[in-house]
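Structure data follow from input_11.txt (compact mmCIF, C-alpha atoms):
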# COMPACT_ATOMS: atom_id res chain seq x y z
CA MET K 236 33.64 -14.34 47.51
CA ALA K 237 33.91 -17.36 49.77
CA ASP K 238 37.53 -16.55 50.62
CA VAL K 239 36.86 -13.08 52.04
CA ALA K 240 37.00 -12.29 55.72
CA PRO K 241 33.65 -12.05 57.51
CA VAL K 242 31.66 -8.83 57.27
CA ALA K 243 30.63 -7.41 60.65
CA VAL K 244 27.06 -6.12 60.55
CA ASP K 245 25.51 -3.75 63.09
CA ALA K 246 22.30 -5.73 63.53
CA MET K 247 20.67 -3.10 65.74
CA GLY K 248 21.04 -0.12 63.38
CA GLY K 249 18.37 1.08 60.97
CA ASP K 250 14.63 1.62 60.80
CA HIS K 251 13.91 -2.09 60.35
CA ALA K 252 16.43 -3.57 62.76
CA PRO K 253 16.96 -6.25 63.78
CA ALA K 254 14.50 -8.29 61.67
CA GLU K 255 15.48 -7.05 58.19
CA ILE K 256 19.16 -6.87 59.10
CA VAL K 257 19.18 -10.53 60.11
CA ARG K 258 17.30 -11.56 56.98
CA GLY K 259 19.67 -9.56 54.80
CA ALA K 260 22.66 -11.20 56.45
CA LEU K 261 21.19 -14.64 55.81
CA ARG K 262 20.58 -13.73 52.17
CA ALA K 263 24.20 -12.60 51.82
CA ALA K 264 25.38 -15.87 53.32
CA THR K 265 23.05 -17.91 51.08
CA GLU K 266 23.17 -16.09 47.75
CA LEU K 267 26.65 -14.57 47.90
CA GLN K 268 28.42 -17.05 50.20
CA ILE K 269 29.75 -14.20 52.34
CA PRO K 270 30.38 -15.05 56.01
CA VAL K 271 28.74 -12.55 58.35
CA VAL K 272 29.15 -11.61 61.99
CA LEU K 273 25.94 -10.17 63.44
CA VAL K 274 26.63 -7.69 66.22
CA GLY K 275 23.85 -6.89 68.70
CA ARG K 276 21.76 -8.23 71.54
CA ARG K 277 22.24 -11.97 71.27
CA GLU K 278 18.78 -13.01 72.48
CA LEU K 279 17.04 -10.75 69.95
CA LEU K 280 19.21 -11.95 67.07
CA GLU K 281 18.75 -15.61 67.97
CA SER K 282 15.00 -15.04 68.20
CA GLU K 283 14.94 -13.49 64.72
CA LEU K 284 17.00 -16.35 63.30
CA ALA K 285 14.62 -18.88 64.84
CA ARG K 286 11.68 -17.28 63.02
CA ILE K 287 13.21 -17.69 59.57
CA GLU K 288 12.20 -20.75 57.58
CA GLY K 289 13.04 -22.02 54.12
CA PRO K 290 16.26 -22.60 52.14
CA GLU K 291 18.09 -19.70 53.79
CA THR K 292 18.25 -21.61 57.07
CA VAL K 293 20.98 -23.89 55.67
CA SER K 294 23.32 -20.89 55.68
CA ARG K 295 23.04 -20.19 59.41
CA ALA K 296 26.41 -21.86 59.89
CA ARG K 297 27.94 -18.94 57.97
CA LEU K 298 26.59 -16.53 60.57
CA SER K 299 28.03 -15.89 64.00
CA ILE K 300 26.90 -13.50 66.72
CA VAL K 301 28.90 -11.06 68.81
CA ASP K 302 26.89 -9.87 71.78
CA ALA K 303 26.61 -6.08 72.20
CA ARG K 304 24.26 -4.82 74.88
CA GLU K 305 23.91 -1.16 73.87
CA VAL K 306 22.34 0.61 70.88
CA VAL K 307 23.03 4.08 69.51
CA GLU K 308 19.63 5.53 68.68
CA MET K 309 19.01 7.71 65.62
CA ASP K 310 18.29 10.82 67.69
CA GLU K 311 21.41 10.63 69.86
CA HIS K 312 24.42 12.91 69.47
CA PRO K 313 26.83 10.67 67.52
CA ALA K 314 30.15 11.46 69.21
CA ASN K 315 28.70 11.55 72.71
CA ALA K 316 26.84 8.28 72.19
CA VAL K 317 29.92 6.50 70.86
CA ARG K 318 32.03 7.71 73.79
CA SER K 319 29.45 6.66 76.38
CA LYS K 320 28.29 3.44 74.71
CA ARG K 321 31.46 1.44 74.16
CA ASP K 322 29.41 -1.76 74.09
CA SER K 323 27.05 -0.53 71.37
CA SER K 324 26.54 -2.62 68.25
CA VAL K 325 28.03 -0.04 65.89
CA VAL K 326 31.18 0.43 67.98
CA ARG K 327 31.68 -3.32 68.38
CA ALA K 328 31.17 -3.92 64.64
CA CYS K 329 33.83 -1.35 63.73
CA ALA K 330 36.13 -2.68 66.45
CA LEU K 331 36.06 -6.11 64.80
CA VAL K 332 37.54 -4.49 61.68
CA ALA K 333 40.21 -2.72 63.73
CA GLU K 334 41.09 -6.01 65.45
CA GLY K 335 41.37 -7.87 62.13
CA LYS K 336 38.48 -10.17 63.01
CA ALA K 337 36.33 -8.81 60.15
CA GLY K 338 37.24 -7.54 56.71
CA ALA K 339 34.60 -4.81 56.72
CA ALA K 340 31.72 -3.38 58.72
CA VAL K 341 28.19 -2.44 57.67
CA SER K 342 25.64 -0.31 59.51
CA ALA K 343 22.29 1.19 58.57
CA GLY K 344 22.13 3.11 61.83
CA ASN K 345 22.94 6.69 62.78
CA SER K 346 25.44 7.71 60.07
CA GLY K 347 27.15 10.19 62.36
CA ALA K 348 27.63 7.43 64.92
CA VAL K 349 29.08 5.13 62.24
CA LEU K 350 31.60 7.83 61.38
CA ALA K 351 32.44 8.43 65.04
CA ALA K 352 32.73 4.70 65.75
CA ALA K 353 35.04 4.21 62.77
CA LEU K 354 37.25 7.11 63.88
CA PHE K 355 37.27 5.79 67.46
CA THR K 356 38.23 2.21 66.54
CA VAL K 357 39.50 1.89 62.97
CA LYS K 358 41.20 5.33 63.01
CA ARG K 359 42.04 7.64 60.11
CA ILE K 360 44.51 6.88 57.36
CA PRO K 361 47.66 8.89 58.17
CA GLY K 362 47.54 12.21 56.33
CA ILE K 363 43.76 12.38 56.04
CA ALA K 364 42.21 15.44 57.71
CA ARG K 365 38.60 14.24 57.52
CA PRO K 366 37.00 11.03 56.17
CA ALA K 367 34.33 11.40 53.49
CA ILE K 368 31.37 9.31 52.44
CA GLY K 369 31.39 8.46 48.76
CA ALA K 370 28.43 7.34 46.65
CA LEU K 371 28.24 6.12 43.06
CA LEU K 372 25.65 7.80 40.83
CA PRO K 373 24.62 6.44 37.43
CA SER K 374 25.45 8.58 34.41
CA ARG K 375 25.05 8.35 30.64
CA ALA K 376 28.72 7.45 30.26
CA ALA K 377 29.23 5.11 33.23
CA GLN K 378 29.16 6.34 36.82
CA THR K 379 30.03 9.44 38.81
CA PHE K 380 31.61 9.13 42.24
CA LEU K 381 30.29 11.88 44.51
CA LEU K 382 31.90 12.81 47.83
CA ASP K 383 31.30 13.95 50.51
CA VAL K 384 27.63 12.94 50.84
CA GLY K 385 27.21 13.41 54.57
CA ALA K 386 30.26 13.01 56.78
CA ASN K 387 31.25 16.70 57.00
CA THR K 388 28.53 19.33 56.81
CA ASP K 389 31.09 22.11 57.21
CA CYS K 390 34.37 21.88 55.32
CA LYS K 391 37.62 23.68 54.62
CA ALA K 392 38.82 24.19 51.06
CA GLU K 393 41.86 21.94 51.54
CA TRP K 394 39.59 19.12 52.68
CA LEU K 395 37.82 19.20 49.32
CA VAL K 396 41.20 18.73 47.66
CA GLN K 397 41.78 15.67 49.83
CA PHE K 398 38.33 14.38 48.92
CA ALA K 399 39.34 14.77 45.28
CA LEU K 400 42.57 12.85 45.91
CA MET K 401 40.71 9.99 47.62
CA GLY K 402 38.03 10.00 44.93
CA THR K 403 40.69 9.85 42.23
CA VAL K 404 42.34 6.86 43.89
CA TYR K 405 38.93 5.19 44.27
CA ALA K 406 38.04 5.81 40.61
CA ARG K 407 41.33 4.31 39.45
CA THR K 408 41.14 1.20 41.61
CA MET K 409 37.40 0.51 41.82
CA MET K 410 36.00 2.05 38.63
CA ALA K 411 38.96 1.25 36.33
CA VAL K 412 39.22 4.88 35.17
CA PRO K 413 42.90 5.51 34.31
CA ALA K 414 42.76 9.32 34.45
CA PRO K 415 39.69 10.38 36.48
CA ARG K 416 38.25 13.81 35.72
CA VAL K 417 37.45 15.78 38.85
CA GLY K 418 34.66 18.36 39.04
CA LEU K 419 33.78 20.79 41.82
CA LEU K 420 30.02 20.82 42.48
CA SER K 421 28.70 24.37 42.23
CA ASN K 422 25.69 26.41 41.12
CA GLY K 423 27.40 27.47 37.91
CA GLU K 424 30.25 26.44 35.63
CA GLU K 425 32.12 29.75 35.80
CA PRO K 426 35.14 29.88 38.18
CA GLY K 427 33.65 32.79 40.14
CA LYS K 428 30.40 30.99 40.93
CA GLY K 429 29.61 29.17 44.15
CA SER K 430 29.85 29.62 47.89
CA GLN K 431 32.93 30.97 49.62
CA LEU K 432 34.08 27.38 50.17
CA VAL K 433 33.75 26.56 46.46
CA GLN K 434 35.56 29.74 45.44
CA GLU K 435 38.41 28.97 47.84
CA ALA K 436 38.68 25.34 46.72
CA TYR K 437 38.69 26.14 42.99
CA PRO K 438 42.25 27.58 42.76
CA LEU K 439 43.60 24.81 45.02
CA LEU K 440 42.17 22.15 42.74
CA GLU K 441 43.28 24.06 39.66
CA ALA K 442 46.87 24.20 40.98
CA SER K 443 46.92 20.48 41.81
CA ALA K 444 48.15 17.68 39.57
CA LEU K 445 44.63 16.25 39.45
CA GLN K 446 42.70 16.28 36.19
CA PHE K 447 40.47 19.10 37.40
CA ILE K 448 37.86 20.17 34.83
CA GLY K 449 36.36 23.04 36.85
CA ASN K 450 32.92 23.59 38.30
CA VAL K 451 30.09 21.22 37.44
CA GLU K 452 26.39 21.79 38.06
CA SER K 453 24.26 19.14 39.72
CA LYS K 454 22.57 18.21 36.45
CA GLU K 455 25.98 17.19 35.09
CA LEU K 456 26.41 14.51 37.73
CA PHE K 457 24.30 12.26 35.49
CA THR K 458 25.77 13.18 32.09
CA GLY K 459 29.27 11.78 32.53
CA ALA K 460 30.84 15.24 32.59
CA CYS K 461 33.24 14.08 35.31
CA ASP K 462 34.24 10.84 37.00
CA VAL K 463 34.64 12.32 40.50
CA ALA K 464 32.65 15.23 41.92
CA VAL K 465 33.54 16.86 45.24
CA CYS K 466 31.51 19.01 47.62
CA ASP K 467 30.89 19.45 51.32
CA GLY K 468 28.74 16.86 53.07
CA PHE K 469 25.74 19.17 53.45
CA VAL K 470 25.47 19.83 49.71
CA GLY K 471 26.34 16.24 48.81
CA ASN K 472 23.72 14.75 51.08
CA ILE K 473 21.03 17.00 49.65
CA ALA K 474 22.13 16.16 46.08
CA LEU K 475 22.06 12.43 46.82
CA LYS K 476 18.64 12.47 48.51
CA THR K 477 17.18 14.72 45.82
CA ALA K 478 18.36 12.29 43.14
CA GLU K 479 16.86 9.43 45.14
CA GLY K 480 13.53 11.23 45.47
CA VAL K 481 13.37 12.21 41.80
CA GLY K 482 14.12 8.63 40.80
CA GLU K 483 11.33 7.26 43.00
CA PHE K 484 8.90 9.87 41.68
CA LEU K 485 9.68 9.19 38.01
CA PHE K 486 9.31 5.43 38.32
CA ALA K 487 6.06 5.81 40.24
CA ALA K 488 4.76 8.20 37.57
CA LEU K 489 5.77 5.79 34.78
CA ARG K 490 4.05 2.93 36.58
CA ASP K 491 0.85 4.94 37.01
CA ALA K 492 0.90 5.99 33.35
CA ALA K 493 1.46 2.41 32.18
CA MET K 494 -1.51 1.16 34.21
CA GLY K 495 -3.81 3.86 32.82
CA SER K 496 -4.64 2.17 29.52
CA LEU K 497 -4.34 -1.14 27.68
CA SER K 498 -1.70 0.24 25.29
CA GLY K 499 0.20 1.58 28.29
CA LYS K 500 0.15 -1.84 29.94
CA VAL K 501 1.46 -3.49 26.77
CA GLY K 502 4.16 -0.88 26.35
CA GLY K 503 5.04 -1.13 30.02
CA GLN K 504 5.55 -4.88 29.75
CA LEU K 505 7.85 -4.40 26.76
CA LEU K 506 9.90 -1.75 28.54
CA LYS K 507 9.91 -3.47 31.92
CA PRO K 508 13.25 -5.33 31.55
CA ARG K 509 15.09 -2.16 30.50
CA LEU K 510 13.39 0.00 33.10
CA ARG K 511 14.18 -2.52 35.82
CA ALA K 512 17.89 -2.35 35.01
CA LEU K 513 17.73 1.46 35.07
CA ARG K 514 15.84 1.45 38.37
CA ASP K 515 18.33 -0.92 39.98
CA GLY K 516 21.14 1.48 39.06
CA ILE K 517 19.70 4.24 41.24
CA ASP K 518 17.81 2.27 43.89
CA TYR K 519 19.68 2.19 47.22
CA ARG K 520 18.26 -1.29 47.81
CA HIS K 521 20.34 -2.55 44.88
CA THR K 522 23.38 -0.27 44.99
CA GLY K 523 24.06 -1.32 48.59
CA GLY K 524 25.67 1.41 50.63
CA ALA K 525 28.17 4.25 50.66
CA LEU K 526 31.82 3.59 51.45
CA LEU K 527 33.48 5.69 54.15
CA LEU K 528 36.81 6.81 52.68
CA GLY K 529 39.71 8.01 54.78
CA VAL K 530 39.59 5.46 57.60
CA ALA K 531 42.06 2.60 57.81
CA GLY K 532 39.53 -0.14 57.09
CA GLU K 533 36.41 -0.80 55.05
CA VAL K 534 33.21 0.66 56.53
CA VAL K 535 29.94 0.85 54.59
CA ILE K 536 27.04 3.08 55.61
CA ALA K 537 23.74 1.63 54.44
CA HIS K 538 20.49 3.54 54.00
CA GLY K 539 18.50 4.00 57.20
CA ARG K 540 15.44 2.45 55.55
CA SER K 541 17.34 -0.63 54.41
CA ASP K 542 15.39 -3.85 54.11
CA ALA K 543 16.85 -7.34 53.68
CA LEU K 544 17.72 -6.78 50.01
CA ALA K 545 19.50 -3.51 50.76
CA ILE K 546 21.47 -5.10 53.61
CA MET K 547 22.50 -8.03 51.44
CA ASN K 548 23.82 -5.61 48.81
CA ALA K 549 25.54 -3.46 51.43
CA ILE K 550 27.33 -6.59 52.61
CA ARG K 551 28.27 -7.31 48.99
CA VAL K 552 29.79 -3.82 48.63
CA ALA K 553 31.67 -4.22 51.90
CA ALA K 554 33.06 -7.62 50.95
CA GLU K 555 34.17 -6.32 47.56
CA ALA K 556 35.87 -3.31 49.16
CA ALA K 557 37.68 -5.65 51.55
CA ARG K 558 38.74 -7.92 48.71
CA ARG K 559 40.15 -4.97 46.77
CA ASP K 560 41.65 -3.39 49.91
CA VAL K 561 40.32 0.07 49.07
CA SER K 562 41.53 1.71 52.27
CA GLY K 563 44.97 0.13 51.93
CA THR K 564 45.23 1.28 48.32
CA ILE K 565 44.32 4.84 49.29
CA ALA K 566 46.88 4.76 52.12
CA LYS K 567 49.60 3.60 49.71
CA GLN K 568 48.75 5.99 46.89
CA LEU K 569 47.81 9.07 48.92
CA PRO K 570 51.36 10.29 49.74
CA ALA K 571 52.42 10.25 46.08
CA ALA K 572 49.13 11.79 44.95
CA ALA K 573 49.38 14.48 47.63
CA SER K 574 52.96 15.25 46.64
CA GLN K 575 51.98 15.63 42.98
CA ALA K 576 49.05 17.82 43.98
CA GLY K 577 51.22 20.02 46.17
CA GLN K 578 49.25 19.15 49.31
CA PRO K 579 50.64 19.93 52.77
CA GLY K 580 51.68 17.18 55.12
CA GLU K 581 49.57 15.56 57.82
CA ALA K 582 50.39 18.08 60.51
CA ALA K 583 49.23 20.94 58.33
CA VAL K 584 45.95 19.45 57.12
CA SER K 585 44.99 18.00 60.50
CA ARG K 586 45.08 21.23 62.46

Is it possible to give me this structure as structure tokens?
Amino acid sequence: MADVAPVAVDAMGGDHAPAEIVRGALRAATELQIPVVLVGRRELLESELARIEGPETVSRARLSIVDAREVVEMDEHPANAVRSKRDSSVVRACALVAEGKAGAAVSAGNSGAVLAAALFTVKRIPGIARPAIGALLPSRAAQTFLLDVGANTDCKAEWLVQFALMGTVYARTMMAVPAPRVGLLSNGEEPGKGSQLVQEAYPLLEASALQFIGNVESKELFTGACDVAVCDGFVGNIALKTAEGVGEFLFAALRDAAMGSLSGKVGGQLLKPRLRALRDGIDYRHTGGALLLGVAGEVVIAHGRSDALAIMNAIRVAAEAARRDVSGTIAKQLPAAASQAGQPGEAAVSR
């Protein structure tokens, strides 16, 4: 990945900023050879870099710093903060993408502010009513791409169709699925089940040219029943965090059980390599971050609790998205996909 453009990283965003962000950036530069631009208060970032010792220090030349004096805090109103703090680290990081000085941006800060900053600087892809955050979930078959997982808590039915269009394009280009199956997340498989939003979106999806398979329940997200699952951001965020919590609970319970007896310890050692691979498939520290689809550039939202490993992997995801030009591919394929699906034009969906 040495030939990719630098990844701009909001070094002030997240629960463990800036220390873990800086360390994660150095790991990305060392282990993945990805150039990184750290965006934040220069004196703090230089101080953190000066504390780091060991082999990672040889990669400091692959890091540069863009000074940003303001920080959007987690408890601030996202849109208001972005409008009033033009020199914040998250706004400056996204602006580097808009200016072509970075191939992608990463932030573990206020997710609403990341969305607002991306809309303010990078802008929407023409024809997209609302961007959506997409996340990959492991399944028995391969993976399920779930969106929206947090960008839009309240949605219109036609937005879900656009999410399905973007998810289909993503699945084709990033997951190598030639004909992605699209499911509508609901509390039952029957067409009449679900909230008013789900019931309104169902016939729109059914009438589209997408390979719509109908409603899917949350348990089916992990069975391979569909390749793309769509929902509003409120439901998607709860589904994602519930899956995260269940995964952490199960692995903690397995660890406690394995340590409870000698036979358990022996069995645990034998299963450890397989369990580690399974854990890494659902652990946000290894999966990296969620891609913001619908903006005209690559923006990755990392987990708020991200440590150095999680930041390194978020940078990896961002660099890969930039290399594959995900946003550009969606922009090119969206008009044809929308036409096939019978979607209205930009003026209609943007109102």

TODO: Provide the CA of Ala285 in chain K to CA of Gly248 in chain K distance in Å, to one decimal place.
DONE: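 Value for the CA of Ala285 in chain K-CA of Gly248 in chain K distance: 19.9 Å.
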
TODO: Find the residues near range 521-537 of chain K: any atom within 8 Å, counting only C-alpha atoms, skip ones fewer than 3 places away on the same chain, and give them as a ChimeraX atom specification.
DONE: /K:329,332-333,338-344,346,349-350,353-354,357-360,363,365-371,401,515-518,541,544-553,556-557,560-563,565-566

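One distance worth recording is that between CA of Gly259 in chain K and CA of Ser374 in chain K, which is 27.9 Å.
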
Open item on the list: Just checking: using all atoms listed in the file, which residue out of K:Gly347, K:Leu395, K:Asn387, K:Ala554 ends up closest to Val244 in chain K?
Closed with: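 Looking at the shortest contact to Val244 in chain K, the residue is K:Ala554.
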
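Candidate residues K:Leu372, K:Val417, K:Leu280, K:Leu298 were compared for distance to Ala263 in chain K, and the nearest is K:Leu298, using only C-alpha atoms.
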
Open item on the list: Could you tell me how far CA of Ala392 in chain K sits from CA of Ala377 in chain K, in Å to one decimal place?
Closed with: 27.8 Å

Expected residue set, 9 Å radius at (42.0, 20.9, 40.6), only C-alpha atoms, as a short mmCIF file (atom, residue, chain, number, x, y, z; two decimals) with C-alpha atoms, in the frame of the given file:
data_model
loop_
_atom_site.label_atom_id
_atom_site.label_comp_id
_atom_site.auth_asym_id
_atom_site.auth_seq_id
_atom_site.Cartn_x
_atom_site.Cartn_y
_atom_site.Cartn_z
CA VAL K 396 41.20 18.73 47.66
CA ALA K 399 39.34 14.77 45.28
CA VAL K 417 37.45 15.78 38.85
CA GLY K 418 34.66 18.36 39.04
CA LEU K 419 33.78 20.79 41.82
CA ALA K 436 38.68 25.34 46.72
CA TYR K 437 38.69 26.14 42.99
CA PRO K 438 42.25 27.58 42.76
CA LEU K 439 43.60 24.81 45.02
CA LEU K 440 42.17 22.15 42.74
CA GLU K 441 43.28 24.06 39.66
CA ALA K 442 46.87 24.20 40.98
CA SER K 443 46.92 20.48 41.81
CA ALA K 444 48.15 17.68 39.57
CA LEU K 445 44.63 16.25 39.45
CA GLN K 446 42.70 16.28 36.19
CA PHE K 447 40.47 19.10 37.40
CA ILE K 448 37.86 20.17 34.83
CA GLY K 449 36.36 23.04 36.85
CA ALA K 576 49.05 17.82 43.98
#

Task: Top pick for closest residue to Thr292 in chain K, considering K:Ala260, K:Ile269, K:Ala464, K:Leu569 and counting all atoms listed in the file - done: K:Ala260

Task: Nearest residue to Gly468 in chain K from the set K:Ala243, K:Ala252, K:Leu420, K:Met410 (distances using all atoms listed in the file) - done: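 The shortest atom-to-atom distance to Gly468 in chain K comes from K:Leu420.
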
Open item on the list: Can you tell me which residues surround Ser453 in chain K at a distance of at most 9 Å, considering only C-alpha atoms, apart from same-chain residues fewer than 6 positions away, and format the answer as an MDAnalysis selection string?
Closed with: chainID K and resid 420:422 474

Based on the selection just made, write C-alpha atoms of those residues as a short mmCIF file (atom, residue, chain, number, x, y, z; two decimals), keeping the file's coordinate frame.
data_model
loop_
_atom_site.label_atom_id
_atom_site.label_comp_id
_atom_site.auth_asym_id
_atom_site.auth_seq_id
_atom_site.Cartn_x
_atom_site.Cartn_y
_atom_site.Cartn_z
CA LEU K 420 30.02 20.82 42.48
CA SER K 421 28.70 24.37 42.23
CA ASN K 422 25.69 26.41 41.12
CA ALA K 474 22.13 16.16 46.08
#

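If you measure from each of K:Asn345, K:Cys466, K:Val272, K:Arg318 to Gly539 in chain K using all atoms listed in the file, the closest one turns out to be K:Asn345.
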
- [ ] Find, counting only C-alpha atoms, the residue in K:Thr356, K:Ser282, K:Gln568, K:Asn472 that gets nearest to Asp383 in chain K.
- [x]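 That would be K:Asn472, the residue with the smallest distance to Asp383 in chain K.
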